[in-house]
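Colleague: One file is attached below, structure.pdb, containing PDB, C-alpha atoms.
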MODEL        1
ATOM      1  CA  MET A   1     -30.291   6.394  34.869  1.00  0.00           C
ATOM      2  CA  LYS A   2     -31.402   4.191  31.973  1.00  0.00           C
ATOM      3  CA  TYR A   3     -30.581   6.984  29.495  1.00  0.00           C
ATOM      4  CA  LEU A   4     -27.188   7.606  31.084  1.00  0.00           C
ATOM      5  CA  CYS A   5     -26.253   3.927  30.711  1.00  0.00           C
ATOM      6  CA  PHE A   6     -27.409   3.951  27.083  1.00  0.00           C
ATOM      7  CA  PHE A   7     -25.413   7.151  26.380  1.00  0.00           C
ATOM      8  CA  LEU A   8     -22.261   5.683  27.934  1.00  0.00           C
ATOM      9  CA  LEU A   9     -22.649   2.459  25.953  1.00  0.00           C
ATOM     10  CA  VAL A  10     -23.111   4.297  22.640  1.00  0.00           C
ATOM     11  CA  THR A  11     -20.189   6.648  23.380  1.00  0.00           C
ATOM     12  CA  SER A  12     -17.954   3.717  24.301  1.00  0.00           C
ATOM     13  CA  LEU A  13     -18.841   1.833  21.104  1.00  0.00           C
ATOM     14  CA  HIS A  14     -18.221   4.963  19.017  1.00  0.00           C
ATOM     15  CA  LEU A  15     -14.813   5.601  20.575  1.00  0.00           C
ATOM     16  CA  ASN A  16     -13.760   1.970  20.138  1.00  0.00           C
ATOM     17  CA  ALA A  17     -14.847   2.026  16.481  1.00  0.00           C
ATOM     18  CA  GLN A  18     -12.685   5.049  15.687  1.00  0.00           C
ATOM     19  CA  GLU A  19      -9.205   4.327  14.421  1.00  0.00           C
ATOM     20  CA  THR A  20      -6.282   6.341  15.655  1.00  0.00           C
ATOM     21  CA  THR A  21      -4.961   8.494  12.833  1.00  0.00           C
ATOM     22  CA  LEU A  22      -1.183   8.777  12.838  1.00  0.00           C
ATOM     23  CA  GLU A  23       1.042  11.557  11.584  1.00  0.00           C
ATOM     24  CA  PRO A  24       2.230  11.292   7.968  1.00  0.00           C
ATOM     25  CA  LYS A  25       5.740  10.157   8.907  1.00  0.00           C
ATOM     26  CA  LEU A  26       7.727   7.269   7.461  1.00  0.00           C
ATOM     27  CA  GLU A  27       8.407   5.802  10.906  1.00  0.00           C
ATOM     28  CA  ASN A  28       4.632   5.264  11.229  1.00  0.00           C
ATOM     29  CA  ILE A  29       4.648   2.965   8.197  1.00  0.00           C
ATOM     30  CA  SER A  30       8.002   1.248   8.699  1.00  0.00           C
ATOM     31  CA  TRP A  31       6.151  -2.080   9.177  1.00  0.00           C
ATOM     32  CA  ILE A  32       5.937  -2.208   5.360  1.00  0.00           C
ATOM     33  CA  SER A  33       9.712  -2.827   5.247  1.00  0.00           C
ATOM     34  CA  GLY A  34      10.791  -6.321   4.272  1.00  0.00           C
ATOM     35  CA  ASN A  35      10.834  -8.906   1.535  1.00  0.00           C
ATOM     36  CA  TRP A  36       7.293  -9.921   0.602  1.00  0.00           C
ATOM     37  CA  LYS A  37       5.987 -12.663  -1.711  1.00  0.00           C
ATOM     38  CA  GLY A  38       2.554 -13.602  -2.958  1.00  0.00           C
ATOM     39  CA  GLU A  39       0.384 -14.372  -5.968  1.00  0.00           C
ATOM     40  CA  ALA A  40      -1.351 -11.990  -8.370  1.00  0.00           C
ATOM     41  CA  PHE A  41      -2.139 -11.591 -12.064  1.00  0.00           C
ATOM     42  CA  GLY A  42      -1.917 -15.370 -12.431  1.00  0.00           C
ATOM     43  CA  GLY A  43       1.709 -15.491 -11.298  1.00  0.00           C
ATOM     44  CA  GLN A  44       4.180 -15.004  -8.465  1.00  0.00           C
ATOM     45  CA  VAL A  45       4.981 -11.538  -7.150  1.00  0.00           C
ATOM     46  CA  GLU A  46       7.850 -10.211  -5.072  1.00  0.00           C
ATOM     47  CA  GLU A  47       7.938  -6.806  -3.417  1.00  0.00           C
ATOM     48  CA  ASN A  48      10.964  -5.708  -1.398  1.00  0.00           C
ATOM     49  CA  TRP A  49      10.697  -2.551   0.769  1.00  0.00           C
ATOM     50  CA  SER A  50      13.627  -0.808   2.437  1.00  0.00           C
ATOM     51  CA  THR A  51      13.483   0.706   5.901  1.00  0.00           C
ATOM     52  CA  PRO A  52      12.969   4.490   6.066  1.00  0.00           C
ATOM     53  CA  SER A  53      16.121   6.519   5.409  1.00  0.00           C
ATOM     54  CA  GLY A  54      16.912   9.819   3.742  1.00  0.00           C
ATOM     55  CA  GLY A  55      13.250  10.876   3.845  1.00  0.00           C
ATOM     56  CA  SER A  56      12.042   7.915   1.797  1.00  0.00           C
ATOM     57  CA  MET A  57      11.397   4.202   1.514  1.00  0.00           C
ATOM     58  CA  MET A  58      12.030   2.366  -1.760  1.00  0.00           C
ATOM     59  CA  ALA A  59      10.823  -0.880  -3.241  1.00  0.00           C
ATOM     60  CA  THR A  60      11.180  -3.147  -6.215  1.00  0.00           C
ATOM     61  CA  PHE A  61       8.329  -5.242  -7.549  1.00  0.00           C
ATOM     62  CA  LYS A  62       8.481  -8.189  -9.934  1.00  0.00           C
ATOM     63  CA  LEU A  63       5.748 -10.312 -11.522  1.00  0.00           C
ATOM     64  CA  ILE A  64       6.701 -13.773 -12.804  1.00  0.00           C
ATOM     65  CA  ASN A  65       4.364 -15.724 -15.110  1.00  0.00           C
ATOM     66  CA  ASP A  66       5.344 -19.098 -16.605  1.00  0.00           C
ATOM     67  CA  ASP A  67       8.887 -18.757 -15.200  1.00  0.00           C
ATOM     68  CA  LYS A  68       9.393 -15.431 -17.018  1.00  0.00           C
ATOM     69  CA  VAL A  69       9.284 -11.859 -15.732  1.00  0.00           C
ATOM     70  CA  SER A  70       6.213 -10.030 -17.020  1.00  0.00           C
ATOM     71  CA  PHE A  71       7.091  -6.613 -15.610  1.00  0.00           C
ATOM     72  CA  TYR A  72       8.937  -4.706 -12.883  1.00  0.00           C
ATOM     73  CA  GLU A  73       8.194  -1.632 -10.791  1.00  0.00           C
ATOM     74  CA  ILE A  74      10.338   0.741  -8.808  1.00  0.00           C
ATOM     75  CA  GLU A  75       8.398   2.399  -6.000  1.00  0.00           C
ATOM     76  CA  ILE A  76       9.149   5.059  -3.428  1.00  0.00           C
ATOM     77  CA  ILE A  77       7.245   6.562  -0.549  1.00  0.00           C
ATOM     78  CA  ARG A  78       8.638   9.948   0.355  1.00  0.00           C
ATOM     79  CA  GLU A  79       7.905  12.730   2.747  1.00  0.00           C
ATOM     80  CA  ILE A  80       6.795  15.843   0.900  1.00  0.00           C
ATOM     81  CA  GLU A  81       5.092  19.002   2.213  1.00  0.00           C
ATOM     82  CA  ASN A  82       4.118  17.478   5.600  1.00  0.00           C
ATOM     83  CA  SER A  83       2.602  14.420   3.950  1.00  0.00           C
ATOM     84  CA  LEU A  84       3.642  11.243   2.147  1.00  0.00           C
ATOM     85  CA  VAL A  85       3.351  10.321  -1.507  1.00  0.00           C
ATOM     86  CA  LEU A  86       3.798   6.930  -3.142  1.00  0.00           C
ATOM     87  CA  GLN A  87       5.359   7.133  -6.600  1.00  0.00           C
ATOM     88  CA  LEU A  88       6.183   4.370  -9.040  1.00  0.00           C
ATOM     89  CA  LYS A  89       7.424   3.571 -12.504  1.00  0.00           C
ATOM     90  CA  HIS A  90       6.718   0.412 -14.518  1.00  0.00           C
ATOM     91  CA  PHE A  91       9.213  -1.444 -16.701  1.00  0.00           C
ATOM     92  CA  ASP A  92       8.814  -4.342 -19.101  1.00  0.00           C
ATOM     93  CA  ASN A  93      10.909  -7.502 -18.775  1.00  0.00           C
ATOM     94  CA  THR A  94      13.822  -5.849 -20.635  1.00  0.00           C
ATOM     95  CA  LEU A  95      13.707  -2.806 -18.310  1.00  0.00           C
ATOM     96  CA  LYS A  96      12.160  -0.472 -20.884  1.00  0.00           C
ATOM     97  CA  GLY A  97       9.928   2.050 -19.119  1.00  0.00           C
ATOM     98  CA  TRP A  98       6.176   2.208 -19.605  1.00  0.00           C
ATOM     99  CA  GLU A  99       5.876   5.808 -18.448  1.00  0.00           C
ATOM    100  CA  THR A 100       7.706   8.618 -20.228  1.00  0.00           C
ATOM    101  CA  LYS A 101      11.122   9.636 -18.920  1.00  0.00           C
ATOM    102  CA  ASN A 102      10.030  12.305 -16.404  1.00  0.00           C
ATOM    103  CA  LYS A 103       6.608  10.871 -15.529  1.00  0.00           C
ATOM    104  CA  THR A 104       5.646   8.822 -12.454  1.00  0.00           C
ATOM    105  CA  VAL A 105       2.389   7.295 -11.267  1.00  0.00           C
ATOM    106  CA  ASP A 106       1.592   9.173  -8.045  1.00  0.00           C
ATOM    107  CA  PHE A 107      -0.609   8.136  -5.133  1.00  0.00           C
ATOM    108  CA  PRO A 108      -1.194  10.948  -2.593  1.00  0.00           C
ATOM    109  CA  LEU A 109      -1.668   9.956   1.056  1.00  0.00           C
ATOM    110  CA  ILE A 110      -5.184   9.813   2.462  1.00  0.00           C
ATOM    111  CA  LYS A 111      -4.476   8.597   6.017  1.00  0.00           C
ATOM    112  CA  ILE A 112      -2.378   6.367   8.249  1.00  0.00           C
ATOM    113  CA  THR A 113      -3.654   4.218  11.102  1.00  0.00           C
ATOM    114  CA  PRO A 114      -1.607   1.730  13.148  1.00  0.00           C
ATOM    115  CA  ASN A 115      -2.348  -1.138  10.717  1.00  0.00           C
ATOM    116  CA  ARG A 116      -3.247   0.652   7.493  1.00  0.00           C
ATOM    117  CA  VAL A 117      -1.744   3.160   5.069  1.00  0.00           C
ATOM    118  CA  GLU A 118      -4.237   4.560   2.584  1.00  0.00           C
ATOM    119  CA  PHE A 119      -3.040   6.285  -0.553  1.00  0.00           C
ATOM    120  CA  GLU A 120      -5.382   7.425  -3.305  1.00  0.00           C
ATOM    121  CA  GLY A 121      -5.578   4.202  -5.367  1.00  0.00           C
ATOM    122  CA  MET A 122      -3.377   1.941  -3.202  1.00  0.00           C
ATOM    123  CA  THR A 123      -3.719   0.729   0.387  1.00  0.00           C
ATOM    124  CA  PHE A 124      -1.349  -1.301   2.572  1.00  0.00           C
ATOM    125  CA  GLU A 125      -2.939  -3.297   5.404  1.00  0.00           C
ATOM    126  CA  LYS A 126      -0.929  -5.016   8.128  1.00  0.00           C
ATOM    127  CA  VAL A 127      -2.464  -8.400   8.944  1.00  0.00           C
ATOM    128  CA  ASN A 128       0.346  -9.330  11.335  1.00  0.00           C
ATOM    129  CA  GLU A 129       4.149  -9.029  11.504  1.00  0.00           C
ATOM    130  CA  ASN A 130       4.593 -11.510   8.642  1.00  0.00           C
ATOM    131  CA  GLU A 131       1.566 -10.821   6.457  1.00  0.00           C
ATOM    132  CA  MET A 132       0.087  -7.811   4.696  1.00  0.00           C
ATOM    133  CA  ASN A 133      -2.529  -7.090   2.064  1.00  0.00           C
ATOM    134  CA  VAL A 134      -2.069  -4.487  -0.640  1.00  0.00           C
ATOM    135  CA  TYR A 135      -5.167  -3.196  -2.433  1.00  0.00           C
ATOM    136  CA  VAL A 136      -4.636  -1.567  -5.830  1.00  0.00           C
ATOM    137  CA  ASP A 137      -7.307   0.221  -7.858  1.00  0.00           C
ATOM    138  CA  LEU A 138      -7.013  -0.794 -11.522  1.00  0.00           C
ATOM    139  CA  LYS A 139      -8.890   0.972 -14.291  1.00  0.00           C
ATOM    140  CA  SER A 140     -10.284  -1.328 -16.991  1.00  0.00           C
ATOM    141  CA  GLU A 141     -10.619  -0.385 -20.651  1.00  0.00           C
ATOM    142  CA  ASP A 142     -14.288   0.514 -20.133  1.00  0.00           C
ATOM    143  CA  GLY A 143     -13.282   2.997 -17.403  1.00  0.00           C
ATOM    144  CA  LYS A 144     -14.544   0.870 -14.510  1.00  0.00           C
ATOM    145  CA  ILE A 145     -12.302   0.735 -11.428  1.00  0.00           C
ATOM    146  CA  ASP A 146     -11.693  -2.667  -9.865  1.00  0.00           C
ATOM    147  CA  THR A 147      -9.738  -3.162  -6.664  1.00  0.00           C
ATOM    148  CA  MET A 148      -7.227  -5.990  -6.741  1.00  0.00           C
ATOM    149  CA  LYS A 149      -5.997  -7.572  -3.500  1.00  0.00           C
ATOM    150  CA  PHE A 150      -2.414  -8.795  -3.159  1.00  0.00           C
ATOM    151  CA  ASN A 151      -1.775 -10.992  -0.116  1.00  0.00           C
ATOM    152  CA  TYR A 152       1.896 -11.024   0.856  1.00  0.00           C
ATOM    153  CA  LYS A 153       3.858 -13.117   3.302  1.00  0.00           C
ATOM    154  CA  LYS A 154       7.236 -11.979   4.587  1.00  0.00           C
ATOM    155  CA  ASP A 155      10.161 -13.951   3.194  1.00  0.00           C
TER
ENDMDL
END
When written as structure tokens, how does the structure in this file appear?
Modeller:
Amino acid sequence: MKYLCFFLLVTSLHLNAQETTLEPKLENISWISGNWKGEAFGGQVEENWSTPSGGSMMATFKLINDDKVSFYEIEIIREIENSLVLQLKHFDNTLKGWETKNKTVDFPLIKITPNRVEFEGMTFEKVNENEMNVYVDLKSEDGKIDTMKFNYKKD
């Protein structure tokens, strides 16, 4: 009996620790939609995500330092081959692209749970209805990868 109780306790803890993995569908990440603001890179950031439509979600990103735009991004998450991919392009403050004309920075999907969307190199985490964290892997000049956390509040 003692072993049965121990087995049930361990099994229960294991099942509770597992996160439910959701299908790679835009409706499962629609909580990202909205106008978000926060601080990063020593300035103010804005990120505005549309609701899912036409097989994608789109966003704009802006970083403001010393009352001037440092750079912009255009981002999309789209359904492709039974998965999702996050793609983005960077632009300087005069809207000149950083990447070449036909190149994007791509982040393939790893997994989706009810409060987390993990892409390779970028993760969105729902804190609550009006707050989320975004974790971005940044490669330094020496090749080391550092993860930067953006904390956003809904506007």
Colleague: Using only C-alpha atoms, which residue out of A:Ile80, A:Val117, A:Ala40, A:Leu86 lies closest to A:Ile64?
Modeller: A:Ala40
Colleague: Pull out every residue that the PyMOL selection byres ((chain A and resi 90-107) around 8) matches in the shown coordinates and put them as a ChimeraX atom specification.
Modeller: /A:69-74,85-89,108-109,119-122
Colleague: If we draw a sphere of 7 Å around (8.0, -13.1, -9.9), which residues have at least one atom in it when counting only C-alpha atoms? Please report them as a VMD selection string.
Modeller: chain A and resid 43 to 46 62 to 65 69
Colleague: Rounded to one decimal, what separation in Å do you get between atom CA of A:Ile110 and atom CA of A:Asp142?
Modeller: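 Between atom CA of A:Ile110 and atom CA of A:Asp142 the gap works out to 26.1 Å.
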Colleague: Check which residues satisfy the PyMOL selection byres ((chain A and resi 134) around 6) in the file shown, then give them as an NGL selection string.
Modeller: :A and (123-124 or 133 or 135 or 149-150)
Colleague: Measure the distance from atom CA of A:Ile77 to atom CA of A:Lys144 in Å and round it to one decimal.
Modeller: 26.5 Å
Colleague: Using all atoms listed in the file, which residues sit within 10 Å of A:Glu125 once same-chain residues fewer than 4 positions away are excluded, as a list of chain:residue names?
Modeller: A:Trp31, A:Ile32, A:Thr113, A:Pro114, A:Asn115, A:Arg116, A:Val117, A:Glu118, A:Glu131, A:Met132, A:Asn133, A:Val134, A:Tyr135, A:Asn151
Colleague: Hey, can you check how far atom CA of A:Gly54 sits from atom CA of A:Ser83?
Modeller: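 Atom-to-atom, atom CA of A:Gly54 and atom CA of A:Ser83 are spaced 15.0 Å apart.
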Colleague: Output the residue selection produced by the PyMOL selection byres ((chain A and resi 56) around 8) on the file above, formatted as a VMD selection string.
Modeller: chain A and resid 26 52 to 55 57 to 58 76 to 79
Colleague: Between A:Phe41, A:Pro24, A:Glu129, A:Thr60, which is the closest to A:Glu81 once you count all atoms listed in the file?
Modeller: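 Of the candidates, the smallest distance to A:Glu81 is held by A:Pro24.
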Colleague: Find, counting all atoms listed in the file, the residue in A:Leu84, A:Val136, A:Val127, A:Ile112 that gets nearest to A:Asn28.
Modeller: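 Smallest distance to A:Asn28 is found for A:Ile112.
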Colleague: Name the closest residue to A:Glu19 among the candidates A:Phe61, A:Lys111, A:Asp66, A:Glu75; distances are taken between atoms, counting only C-alpha atoms.
Modeller: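 Of A:Phe61, A:Lys111, A:Asp66, A:Glu75, the one nearest A:Glu19 is A:Lys111, counting only C-alpha atoms.
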